[in-house]
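S.K.: This is input.txt, which holds compact mmCIF, C-alpha atoms:
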# COMPACT_ATOMS: atom_id res chain seq x y z
CA MET A 1 56.56 1.06 -14.59
CA GLU A 2 54.58 1.84 -11.43
CA GLN A 3 53.98 5.54 -10.97
CA PRO A 4 54.14 7.24 -7.57
CA SER A 5 50.82 8.05 -5.95
CA VAL A 6 49.63 11.59 -6.54
CA GLY A 7 48.21 13.26 -3.45
CA LEU A 8 44.67 14.55 -3.13
CA SER A 9 43.09 17.11 -0.84
CA LYS A 10 42.02 16.31 2.72
CA VAL A 11 38.40 16.76 1.70
CA ALA A 12 38.74 14.27 -1.15
CA VAL A 13 40.20 11.53 1.05
CA SER A 14 38.08 12.25 4.12
CA GLU A 15 35.79 9.49 5.40
CA TYR A 16 33.07 12.01 6.24
CA HIS A 17 31.35 11.15 2.96
CA GLY A 18 29.69 8.40 4.99
CA GLU A 19 29.69 5.78 2.26
CA ASP A 20 31.08 3.20 4.69
CA SER A 21 27.82 3.36 6.66
CA PRO A 22 25.49 0.33 6.61
CA TYR A 23 22.92 2.74 5.18
CA PHE A 24 24.86 2.89 1.92
CA ALA A 25 26.09 -0.71 2.15
CA GLY A 26 22.47 -1.83 1.97
CA TRP A 27 22.01 0.14 -1.21
CA LYS A 28 24.99 -1.69 -2.68
CA ALA A 29 23.39 -5.05 -1.83
CA TYR A 30 20.23 -3.95 -3.61
CA ASN A 31 22.07 -2.62 -6.67
CA GLU A 32 23.92 -5.91 -7.06
CA ASN A 33 20.72 -7.97 -6.94
CA PRO A 34 17.62 -5.77 -7.43
CA TYR A 35 14.18 -7.31 -7.04
CA ASP A 36 12.00 -7.46 -10.13
CA GLU A 37 8.59 -9.11 -10.07
CA LEU A 38 9.16 -10.87 -13.41
CA ASN A 39 12.89 -10.95 -14.08
CA ASN A 40 14.34 -11.35 -10.58
CA PRO A 41 11.63 -12.32 -8.05
CA ASN A 42 14.26 -13.50 -5.54
CA GLY A 43 16.20 -10.26 -5.59
CA VAL A 44 16.64 -7.71 -2.81
CA ILE A 45 13.67 -5.38 -2.27
CA GLN A 46 14.74 -1.79 -1.71
CA MET A 47 13.20 -0.61 1.56
CA GLY A 48 16.02 1.79 2.36
CA LEU A 49 14.99 4.48 -0.14
CA ALA A 50 12.60 7.20 1.05
CA GLU A 51 11.00 7.88 -2.31
CA ASN A 52 7.34 8.66 -2.97
CA GLN A 53 5.87 6.78 -5.91
CA VAL A 54 2.31 6.32 -4.58
CA SER A 55 0.98 9.37 -6.46
CA PHE A 56 3.31 9.43 -9.45
CA ASP A 57 0.45 8.48 -11.75
CA MET A 58 -1.17 11.85 -11.02
CA LEU A 59 1.92 13.66 -12.29
CA GLU A 60 2.09 11.53 -15.41
CA GLU A 61 -1.60 12.08 -16.12
CA TYR A 62 -1.23 15.83 -15.67
CA LEU A 63 1.66 16.04 -18.13
CA GLU A 64 -0.25 13.93 -20.66
CA GLN A 65 -3.15 16.35 -20.45
CA HIS A 66 -0.89 19.43 -20.48
CA SER A 67 1.83 18.62 -22.96
CA GLU A 68 2.65 22.33 -23.23
CA ALA A 69 4.09 22.17 -19.69
CA ALA A 70 7.04 20.16 -20.97
CA GLY A 71 7.60 22.51 -23.89
CA TRP A 72 9.27 25.89 -24.15
CA GLY A 73 6.43 28.06 -22.93
CA LYS A 74 3.93 29.67 -25.26
CA ASN A 75 5.99 29.14 -28.42
CA VAL A 76 9.30 27.90 -29.79
CA SER A 77 10.88 31.31 -29.21
CA GLY A 78 10.81 30.43 -25.53
CA PHE A 79 13.74 28.10 -26.22
CA ARG A 80 16.12 31.05 -26.52
CA GLU A 81 14.73 32.70 -23.42
CA ASN A 82 15.25 29.62 -21.26
CA ALA A 83 18.42 28.22 -22.86
CA LEU A 84 20.48 31.38 -22.39
CA PHE A 85 21.92 32.66 -19.12
CA GLN A 86 19.64 32.83 -16.06
CA ASP A 87 20.59 34.74 -12.93
CA TYR A 88 20.88 33.04 -9.57
CA HIS A 89 17.44 34.18 -8.45
CA GLY A 90 15.75 31.58 -10.65
CA LEU A 91 12.59 32.12 -12.68
CA GLN A 92 10.10 34.42 -10.96
CA CYS A 93 7.19 32.22 -12.03
CA PHE A 94 8.80 29.17 -10.43
CA ARG A 95 9.60 30.88 -7.14
CA GLU A 96 6.01 32.10 -7.01
CA GLY A 97 4.80 28.56 -7.68
CA MET A 98 7.03 27.17 -4.92
CA ALA A 99 5.79 29.76 -2.43
CA SER A 100 2.18 28.95 -3.30
CA PHE A 101 2.78 25.17 -2.98
CA MET A 102 4.47 25.58 0.41
CA GLU A 103 1.53 27.66 1.62
CA GLN A 104 -1.00 25.10 0.38
CA ILE A 105 0.79 22.29 2.20
CA ARG A 106 0.51 24.28 5.43
CA GLY A 107 -3.17 24.96 4.88
CA GLY A 108 -2.59 28.68 4.37
CA ARG A 109 -1.44 29.03 7.99
CA ALA A 110 1.96 30.36 6.86
CA ARG A 111 2.93 32.79 4.10
CA PHE A 112 6.08 32.74 2.01
CA ASN A 113 7.61 35.61 0.05
CA PRO A 114 8.93 34.37 -3.34
CA ASP A 115 11.79 36.88 -3.07
CA ARG A 116 13.11 35.03 0.00
CA ILE A 117 13.20 31.67 -1.77
CA VAL A 118 16.69 30.54 -2.81
CA LEU A 119 16.80 27.62 -5.24
CA THR A 120 19.30 24.77 -4.88
CA ALA A 121 19.89 21.42 -6.55
CA GLY A 122 17.93 19.44 -3.95
CA ALA A 123 17.70 19.56 -0.16
CA THR A 124 21.19 18.04 0.10
CA ALA A 125 22.65 21.17 -1.47
CA ALA A 126 20.36 23.39 0.60
CA ASN A 127 21.48 21.91 3.92
CA GLU A 128 25.16 22.00 2.98
CA LEU A 129 24.89 25.56 1.70
CA LEU A 130 23.23 26.71 4.91
CA THR A 131 25.93 24.97 6.94
CA PHE A 132 28.62 26.86 5.00
CA ILE A 133 26.81 30.13 5.74
CA LEU A 134 26.02 29.60 9.42
CA ALA A 135 29.18 27.90 10.70
CA ASP A 136 32.95 27.84 10.22
CA PRO A 137 35.16 24.72 10.09
CA GLY A 138 35.43 23.31 13.60
CA ASP A 139 32.09 24.79 14.69
CA ALA A 140 29.13 22.50 15.34
CA LEU A 141 25.43 21.99 14.76
CA LEU A 142 23.19 20.24 17.26
CA VAL A 143 21.18 17.47 15.56
CA PRO A 144 18.61 15.32 17.42
CA THR A 145 18.98 11.55 17.06
CA PRO A 146 18.00 9.43 15.35
CA TYR A 147 18.69 11.48 12.22
CA TYR A 148 18.90 10.97 8.46
CA PRO A 149 22.19 9.14 7.74
CA GLY A 150 23.00 11.47 4.84
CA PHE A 151 23.47 14.38 7.25
CA ASP A 152 26.90 13.00 8.12
CA ARG A 153 27.84 13.72 4.52
CA ASP A 154 25.71 16.79 3.83
CA LEU A 155 26.61 18.78 6.93
CA ARG A 156 30.17 17.67 7.66
CA TRP A 157 32.12 16.40 4.67
CA ARG A 158 33.02 19.54 2.72
CA THR A 159 32.19 22.16 5.37
CA GLY A 160 34.44 20.90 8.16
CA VAL A 161 31.56 21.47 10.58
CA LYS A 162 30.88 18.97 13.37
CA ILE A 163 27.62 17.34 14.40
CA ILE A 164 26.83 17.20 18.11
CA PRO A 165 24.13 14.54 18.57
CA VAL A 166 21.20 15.36 20.82
CA HIS A 167 20.29 11.90 22.09
CA CYS A 168 16.59 11.05 22.29
CA ASP A 169 15.18 7.68 23.35
CA SER A 170 12.09 5.51 23.25
CA SER A 171 10.95 6.41 26.78
CA ASN A 172 9.01 9.34 25.28
CA LYS A 173 8.79 8.09 21.68
CA PHE A 174 12.11 9.78 20.78
CA GLN A 175 10.67 13.27 21.25
CA LEU A 176 13.21 16.05 21.60
CA THR A 177 13.38 17.61 25.07
CA LEU A 178 14.96 20.74 26.49
CA GLN A 179 16.92 18.58 28.93
CA ALA A 180 18.51 16.66 26.04
CA LEU A 181 19.28 19.91 24.22
CA GLU A 182 20.89 21.52 27.25
CA SER A 183 22.94 18.38 27.88
CA ALA A 184 24.24 18.27 24.29
CA TYR A 185 24.99 21.99 24.33
CA ALA A 186 26.89 21.69 27.62
CA ASN A 187 28.80 18.70 26.23
CA ALA A 188 29.90 20.76 23.23
CA LYS A 189 31.01 23.61 25.46
CA SER A 190 33.01 21.21 27.67
CA MET A 191 34.95 20.21 24.54
CA ASN A 192 35.46 23.89 23.58
CA VAL A 193 33.29 23.41 20.50
CA ASN A 194 31.42 26.47 19.28
CA VAL A 195 27.75 25.61 18.63
CA ARG A 196 26.32 27.70 15.80
CA GLY A 197 22.92 26.16 15.32
CA LEU A 198 20.29 23.48 15.83
CA LEU A 199 19.03 21.45 12.86
CA ILE A 200 15.73 19.58 13.12
CA THR A 201 13.69 17.57 10.63
CA ASN A 202 9.95 18.11 10.90
CA PRO A 203 8.38 15.66 10.20
CA SER A 204 11.25 13.50 11.38
CA ASN A 205 13.28 11.23 9.18
CA PRO A 206 13.53 8.39 10.29
CA LEU A 207 10.77 8.52 12.95
CA GLY A 208 7.93 9.44 10.62
CA ALA A 209 6.45 11.74 13.27
CA THR A 210 5.80 15.47 13.52
CA ILE A 211 7.14 17.78 16.22
CA PRO A 212 4.39 19.17 18.50
CA ARG A 213 3.76 22.91 18.58
CA SER A 214 4.78 23.12 22.25
CA VAL A 215 8.19 21.61 21.47
CA LEU A 216 8.71 23.97 18.53
CA GLU A 217 7.94 26.90 20.84
CA GLU A 218 10.62 25.65 23.22
CA LEU A 219 13.14 25.23 20.40
CA VAL A 220 12.64 28.79 19.15
CA ASP A 221 13.14 30.05 22.72
CA PHE A 222 16.21 27.83 23.15
CA VAL A 223 18.05 29.13 20.09
CA ALA A 224 17.22 32.71 21.09
CA ARG A 225 18.70 32.16 24.57
CA LYS A 226 21.85 30.59 23.15
CA ASN A 227 22.06 33.12 20.31
CA ILE A 228 22.33 30.40 17.67
CA HIS A 229 20.45 29.50 14.48
CA LEU A 230 17.58 27.09 13.92
CA VAL A 231 17.34 25.17 10.63
CA SER A 232 14.03 23.38 10.13
CA ASP A 233 14.20 20.76 7.40
CA GLU A 234 10.54 20.39 6.36
CA ILE A 235 10.89 18.31 3.20
CA TYR A 236 8.20 15.86 4.40
CA SER A 237 5.68 18.57 5.38
CA GLY A 238 3.29 17.56 2.58
CA SER A 239 3.59 13.88 3.52
CA VAL A 240 1.79 14.24 6.83
CA PHE A 241 -1.26 11.98 6.82
CA SER A 242 -3.49 14.63 8.42
CA PRO A 243 -2.65 18.29 7.66
CA SER A 244 -3.79 19.45 11.11
CA GLU A 245 -1.01 17.38 12.71
CA PHE A 246 1.83 19.39 11.16
CA VAL A 247 3.02 22.74 12.50
CA SER A 248 5.72 24.59 10.60
CA VAL A 249 8.22 26.78 12.40
CA ALA A 250 6.92 29.48 10.04
CA GLU A 251 3.61 29.35 11.94
CA ILE A 252 5.41 29.80 15.25
CA LEU A 253 7.15 32.92 13.91
CA ALA A 254 3.93 34.36 12.50
CA ALA A 255 2.22 33.97 15.90
CA ARG A 256 5.15 35.89 17.47
CA ASN A 257 5.06 38.69 14.90
CA TYR A 258 8.39 37.34 13.58
CA ARG A 259 10.35 38.16 16.74
CA ASP A 260 13.85 36.61 16.55
CA SER A 261 13.06 35.43 13.01
CA GLU A 262 16.53 36.37 11.73
CA ARG A 263 17.89 33.13 13.22
CA ILE A 264 15.27 30.85 11.60
CA HIS A 265 15.75 29.09 8.24
CA ILE A 266 13.56 26.52 6.46
CA VAL A 267 14.70 23.87 3.98
CA TYR A 268 12.20 22.42 1.53
CA SER A 269 12.30 20.22 -1.57
CA LEU A 270 10.03 18.64 -4.17
CA SER A 271 11.81 15.28 -3.88
CA LYS A 272 9.50 13.78 -1.24
CA ASP A 273 6.06 15.42 -1.28
CA LEU A 274 5.91 15.63 -5.08
CA GLY A 275 8.05 12.54 -5.65
CA LEU A 276 10.58 14.19 -7.97
CA PRO A 277 14.06 13.47 -6.57
CA GLY A 278 15.56 13.27 -10.04
CA PHE A 279 14.65 16.88 -10.77
CA ARG A 280 16.88 18.10 -7.92
CA ILE A 281 14.66 20.91 -6.65
CA GLY A 282 15.53 22.27 -3.22
CA THR A 283 14.90 25.60 -1.52
CA ILE A 284 16.19 27.67 1.34
CA TYR A 285 13.71 30.05 2.91
CA SER A 286 15.34 32.41 5.38
CA TYR A 287 14.00 35.35 7.36
CA ASN A 288 17.54 36.77 7.52
CA ASP A 289 18.41 39.18 4.69
CA ARG A 290 22.13 38.47 4.93
CA VAL A 291 21.54 34.71 4.76
CA VAL A 292 19.31 35.13 1.69
CA THR A 293 21.98 37.24 -0.03
CA ALA A 294 24.81 34.84 0.83
CA ALA A 295 22.75 31.79 -0.13
CA ARG A 296 21.86 33.29 -3.49
CA ARG A 297 25.53 33.98 -4.21
CA MET A 298 26.60 30.48 -3.17
CA SER A 299 23.75 28.80 -5.06
CA SER A 300 25.79 29.28 -8.22
CA PHE A 301 27.41 25.95 -7.29
CA ALA A 302 24.05 24.14 -7.23
CA LEU A 303 21.68 25.76 -9.69
CA VAL A 304 18.43 24.30 -11.04
CA SER A 305 18.03 24.23 -14.81
CA SER A 306 15.62 26.77 -16.26
CA GLN A 307 13.83 24.01 -18.21
CA THR A 308 13.07 22.15 -14.98
CA GLN A 309 11.87 25.37 -13.37
CA LEU A 310 9.63 26.17 -16.33
CA LEU A 311 7.98 22.74 -16.35
CA LEU A 312 7.27 22.75 -12.62
CA ALA A 313 6.19 26.40 -12.58
CA PHE A 314 3.40 25.45 -14.95
CA MET A 315 2.31 22.58 -12.70
CA LEU A 316 2.62 24.40 -9.37
CA SER A 317 0.70 27.42 -10.66
CA ASP A 318 -2.32 25.17 -11.27
CA GLU A 319 -3.74 25.41 -7.75
CA LYS A 320 -6.68 23.16 -8.56
CA PHE A 321 -4.28 20.38 -9.49
CA THR A 322 -1.92 20.93 -6.55
CA ALA A 323 -4.79 21.01 -4.03
CA ASN A 324 -6.13 17.71 -5.38
CA TYR A 325 -2.64 16.20 -5.49
CA ILE A 326 -1.84 17.16 -1.87
CA ALA A 327 -5.14 15.76 -0.56
CA THR A 328 -4.96 12.54 -2.61
CA ASN A 329 -1.31 11.95 -1.79
CA ARG A 330 -2.03 12.23 1.95
CA ILE A 331 -4.82 9.64 1.67
CA ARG A 332 -2.67 7.22 -0.31
CA LEU A 333 0.30 7.56 2.05
CA ARG A 334 -1.94 7.04 5.09
CA ARG A 335 -3.38 3.85 3.55
CA ARG A 336 0.06 2.55 2.59
CA HIS A 337 1.39 3.31 6.07
CA ARG A 338 -1.56 1.51 7.68
CA ARG A 339 -1.05 -1.55 5.46
CA MET A 340 2.63 -1.64 6.38
CA ILE A 341 1.95 -1.26 10.11
CA ASP A 342 -0.75 -3.96 10.06
CA GLY A 343 1.43 -6.34 8.05
CA LEU A 344 4.40 -5.88 10.37
CA ARG A 345 2.27 -6.42 13.46
CA ASN A 346 0.85 -9.60 11.96
CA ALA A 347 4.46 -10.75 11.72
CA GLY A 348 5.05 -9.88 15.37
CA VAL A 349 6.89 -6.62 14.70
CA GLU A 350 5.97 -3.40 16.51
CA CYS A 351 6.52 0.13 15.20
CA LEU A 352 6.69 3.62 16.65
CA GLU A 353 3.38 5.39 16.25
CA GLY A 354 3.84 7.71 13.28
CA ASN A 355 1.78 10.27 11.39
CA ALA A 356 3.99 11.28 8.47
CA GLY A 357 6.70 10.36 6.01
CA LEU A 358 7.50 7.51 3.67
CA PHE A 359 8.73 5.04 6.30
CA CYS A 360 8.13 3.29 9.63
CA TRP A 361 10.46 3.23 12.65
CA VAL A 362 10.51 -0.48 13.48
CA ASN A 363 11.42 -2.16 16.76
CA LEU A 364 13.31 -5.46 16.37
CA ARG A 365 14.93 -5.51 19.80
CA ALA A 366 13.18 -8.79 20.58
CA LEU A 367 15.54 -10.48 18.12
CA MET A 368 18.58 -9.20 20.02
CA GLU A 369 18.01 -10.61 23.50
CA ASN A 370 21.32 -12.46 23.44
CA ASN A 371 23.27 -9.48 22.09
CA PRO A 372 21.49 -6.13 22.69
CA THR A 373 24.32 -4.05 21.23
CA ARG A 374 25.15 -2.17 18.07
CA GLU A 375 27.01 -5.24 16.87
CA GLY A 376 23.94 -7.36 17.56
CA GLU A 377 21.82 -4.91 15.58
CA LEU A 378 24.15 -5.13 12.59
CA GLU A 379 24.06 -8.95 12.76
CA ILE A 380 20.27 -8.85 12.52
CA TRP A 381 20.46 -6.31 9.68
CA LYS A 382 22.90 -8.48 7.70
CA SER A 383 20.59 -11.47 8.15
CA ILE A 384 17.60 -9.48 6.91
CA VAL A 385 19.50 -8.35 3.82
CA SER A 386 21.01 -11.76 3.02
CA GLU A 387 18.19 -14.10 4.10
CA ALA A 388 14.96 -12.09 3.74
CA LYS A 389 16.44 -10.11 0.84
CA LEU A 390 15.14 -6.81 2.24
CA ASN A 391 17.29 -3.70 2.44
CA ILE A 392 16.24 -1.75 5.52
CA SER A 393 18.29 0.84 7.41
CA PRO A 394 19.71 -0.04 10.86
CA GLY A 395 19.17 2.53 13.57
CA SER A 396 22.88 2.80 14.23
CA SER A 397 23.30 4.39 10.79
CA CYS A 398 20.88 7.05 12.07
CA HIS A 399 22.94 7.39 15.29
CA CYS A 400 20.09 5.99 17.37
CA SER A 401 21.20 5.60 20.99
CA GLU A 402 19.18 2.36 21.41
CA PRO A 403 20.18 -0.72 19.36
CA GLY A 404 17.40 -2.61 17.65
CA TRP A 405 15.50 0.06 15.76
CA PHE A 406 15.29 0.11 11.96
CA ARG A 407 13.85 2.43 9.30
CA VAL A 408 11.62 0.65 6.78
CA CYS A 409 10.46 2.55 3.68
CA PHE A 410 7.15 1.70 2.02
CA ALA A 411 6.30 4.35 -0.63
CA ASN A 412 8.93 3.57 -3.27
CA MET A 413 7.29 0.36 -4.54
CA SER A 414 4.05 -1.05 -5.91
CA GLU A 415 1.33 -2.53 -3.70
CA LYS A 416 2.27 -5.98 -5.01
CA THR A 417 5.87 -5.50 -3.93
CA VAL A 418 4.69 -4.34 -0.50
CA GLU A 419 2.86 -7.65 -0.08
CA VAL A 420 5.93 -9.61 -1.16
CA ALA A 421 8.05 -7.67 1.33
CA LEU A 422 5.59 -8.27 4.17
CA LYS A 423 5.53 -11.99 3.44
CA ARG A 424 9.32 -12.04 3.60
CA VAL A 425 9.22 -10.27 6.97
CA HIS A 426 6.68 -12.79 8.25
CA ASP A 427 8.75 -15.74 7.03
CA PHE A 428 11.93 -14.27 8.53
CA MET A 429 10.30 -13.80 11.93
CA GLU A 430 8.89 -17.34 11.87
CA GLN A 431 12.32 -18.77 11.06
CA ARG A 432 13.80 -16.82 13.99
CA LYS A 433 11.20 -18.27 16.34
CA ILE A 434 12.13 -21.78 15.22
CA ARG A 435 15.84 -21.11 15.74
CA ASN A 436 15.26 -19.75 19.22
Could you express the structure from this file as C-alpha cells?
M.R.:
Amino acid sequence: MEQPSVGLSKVAVSEYHGEDSPYFAGWKAYNENPYDELNNPNGVIQMGLAENQVSFDMLEEYLEQHSEAAGWGKNVSGFRENALFQDYHGLQCFREGMASFMEQIRGGRARFNPDRIVLTAGATAANELLTFILADPGDALLVPTPYYPGFDRDLRWRTGVKIIPVHCDSSNKFQLTLQALESAYANAKSMNVNVRGLLITNPSNPLGATIPRSVLEELVDFVARKNIHLVSDEIYSGSVFSPSEFVSVAEILAARNYRDSERIHIVYSLSKDLGLPGFRIGTIYSYNDRVVTAARRMSSFALVSSQTQLLLAFMLSDEKFTANYIATNRIRLRRRHRRMIDGLRNAGVECLEGNAGLFCWVNLRALMENNPTREGELEIWKSIVSEAKLNISPGSSCHCSEPGWFRVCFANMSEKTVEVALKRVHDFMEQRKIRN
C-alpha cells in the first residue's frame, strides 16, 4: 500500500543547496568514472577539486619522524584529558598554534590574538556561521564575481540570506572596483534588500589572484561608509607564490591603528595551505567582541575534535617545520602553476595572469564563436567532460558575467597525471580545429 508523502521543512527541500550546478555535476561524472593511472587510464581526471597535494609528503614525513604527535600527548593519561568534554574555546595550545601559523604566512606583518580565534569544522562552517551572525533572513551580502560556487550553498541555503553579485569583468582582469560595488549596492537598495556585508576571497577563488593593497584600502573605506561588515576569506593566503604579493586585511587594520575594525572578520582554514580538508579545521578571527562571543556559542554546531586539535597543535608549534613547509609549498605551487600555464598555452589556451591558489582561470571563448552564451559555454564544458574526460568548472557556476571562462585545478594530482591532462587538452583543441 502506497503511503502518503510526509512533508519536510522549506530548508530541506530548498534548491539553494546548489547541487544542481554544473560544478557538482562534474564531480558526479568523475565519481562515476574516476581516472586511475593503472586501473582506469581512460577515466575522468578530476580538475574541479581545489585540493593541495603537492606538499603532502612533507606532512607524512613529519608524522613519521614525530609519531608522538599522533598520540595522546606526553603519556596515555592524556587520553582521558582529550576524550572527555572540551569547551567551545578549543584547546589553548591549538589556538596558539593557529595564530602563529597565520602570522608566519603573512610574514609577521600581522598579529593574531589566540583568544579571538573561533574554531569551526572547516571554512564552510565558518562562512555560514558568520552569515548567521551578521545578517537576518532576507538580508544580503555583496559578493564579487566570479566566486566560489559553494558560496551559494554556504551563505544562502540554511541562513535565508541573499547574495547580491558584484559583477567584475575581464577588461581589468576581473579586479573589483568601487564603481561595481556602488552599482551592486544601489541595485540591492532599489529592490528594498538590506545589505549587511561584503564578502571577498583573497586570494580569489577562482581567479587565483590576490587583491592589491589599494583596493583593500578602498573596500575598508566602503564598508565604513555604508556601515556594513567586511568578511575576508583568506584560506589561500599561504598558497601565494610570492609572499610579498599578498596583503591581508589584517595589515590594513594594523596600519590604521584598528580604526573601524569592529566590522572586519577573517576566515581561515587548514584545508588549502596545509592540504588537510579531511580534518575540517576552520577559523573565524573577528575584531568585534560581540561577534567572537556569538561565534563561540554557535560553534557548538560545528566543533573540531580535540584529537585533531592536539595532533595539529604539535605540528603548528614547530616553527622550524612550518617555516620550511610554507616556503617549500610556495615553490612547488609556483612550479606546478607554471607547468600548467605553459602546457595550456602550448595547446592554444590562454589564462588569466595569476599569482596564487591551486587553479588557473582559463579562457576558452575562442571555442564559442558560433554561440558566445552561457548555453554555449555549457556545451563546451559537456564536451570537455565527455570527450577529453576532464572535469573542469564552467565560469557560469561561479556566476561569471562573461561566458567562456573555466576554472582548472592543478594541485590535487601527481605530476604524471598533470601531463596526461595537458595532453588531453592539446588533443581536444586539435580536434576542435579540425571540426571548424
S.K.: Just the residues within 9 Å of segment 272-280 of chain A, please, counting only C-alpha atoms, with nothing from its chain fewer than 6 positions along; format it as a list of chain:residue names.
M.R.: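 Contacts, with the query itself left out: A:Ala50, A:Glu51, A:Asn52, A:Gln53, A:Val54, A:Ser55, A:Phe56, A:Leu59, A:Thr120, A:Ala121, A:Gly122, A:Ala123, A:Ile235, A:Tyr236, A:Ser237, A:Gly238, A:Ser239, A:Val304, A:Thr308, A:Tyr325, A:Ile326, A:Asn329, A:Gly357, A:Leu358.
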S.K.: So which residues touch segment 143-157 of chain A within 9 Å, counting only C-alpha atoms, skipping near sequence neighbours fewer than 4 positions away, as an MDAnalysis selection string?
M.R.: chainID A and resid 11 14:19 21 23:24 124:125 127:132 137 161:169 174 176 180:181 197:201 204:207 395:401
S.K.: Just the number, please: distance in Å from atom CA of Ile281 of chain A to atom CA of Ser269 of chain A, one decimal.
M.R.: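 Interatomic distance here is 5.6 Å.
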S.K.: Can you pull out the residues contacting segment 99-110 of chain A? Cut-off 8 Å, using all atoms listed in the file, and skip same-chain residues under 4 positions away; I want them as a PyMOL selection string.
M.R.: chain A and resi 95+114+117+237-238+243+246-248+250-251+254+316-317+322-323+326
S.K.: Write out as a PDB file with C-alpha atoms, in the frame of the given file which residues come within 10 Å of Ala347 of chain A when counting all atoms listed in the file, dropping same-chain ones fewer than 5 positions away.
M.R.:
ATOM      1  CA  ILE A 341       1.950  -1.260  10.110  1.00  0.00           C
ATOM      2  CA  ASP A 342      -0.750  -3.960  10.060  1.00  0.00           C
ATOM      3  CA  LEU A 422       5.590  -8.270   4.170  1.00  0.00           C
ATOM      4  CA  LYS A 423       5.530 -11.990   3.440  1.00  0.00           C
ATOM      5  CA  ARG A 424       9.320 -12.040   3.600  1.00  0.00           C
ATOM      6  CA  VAL A 425       9.220 -10.270   6.970  1.00  0.00           C
ATOM      7  CA  HIS A 426       6.680 -12.790   8.250  1.00  0.00           C
ATOM      8  CA  ASP A 427       8.750 -15.740   7.030  1.00  0.00           C
ATOM      9  CA  PHE A 428      11.930 -14.270   8.530  1.00  0.00           C
ATOM     10  CA  MET A 429      10.300 -13.800  11.930  1.00  0.00           C
ATOM     11  CA  GLU A 430       8.890 -17.340  11.870  1.00  0.00           C
TER      12      GLU A 430
END
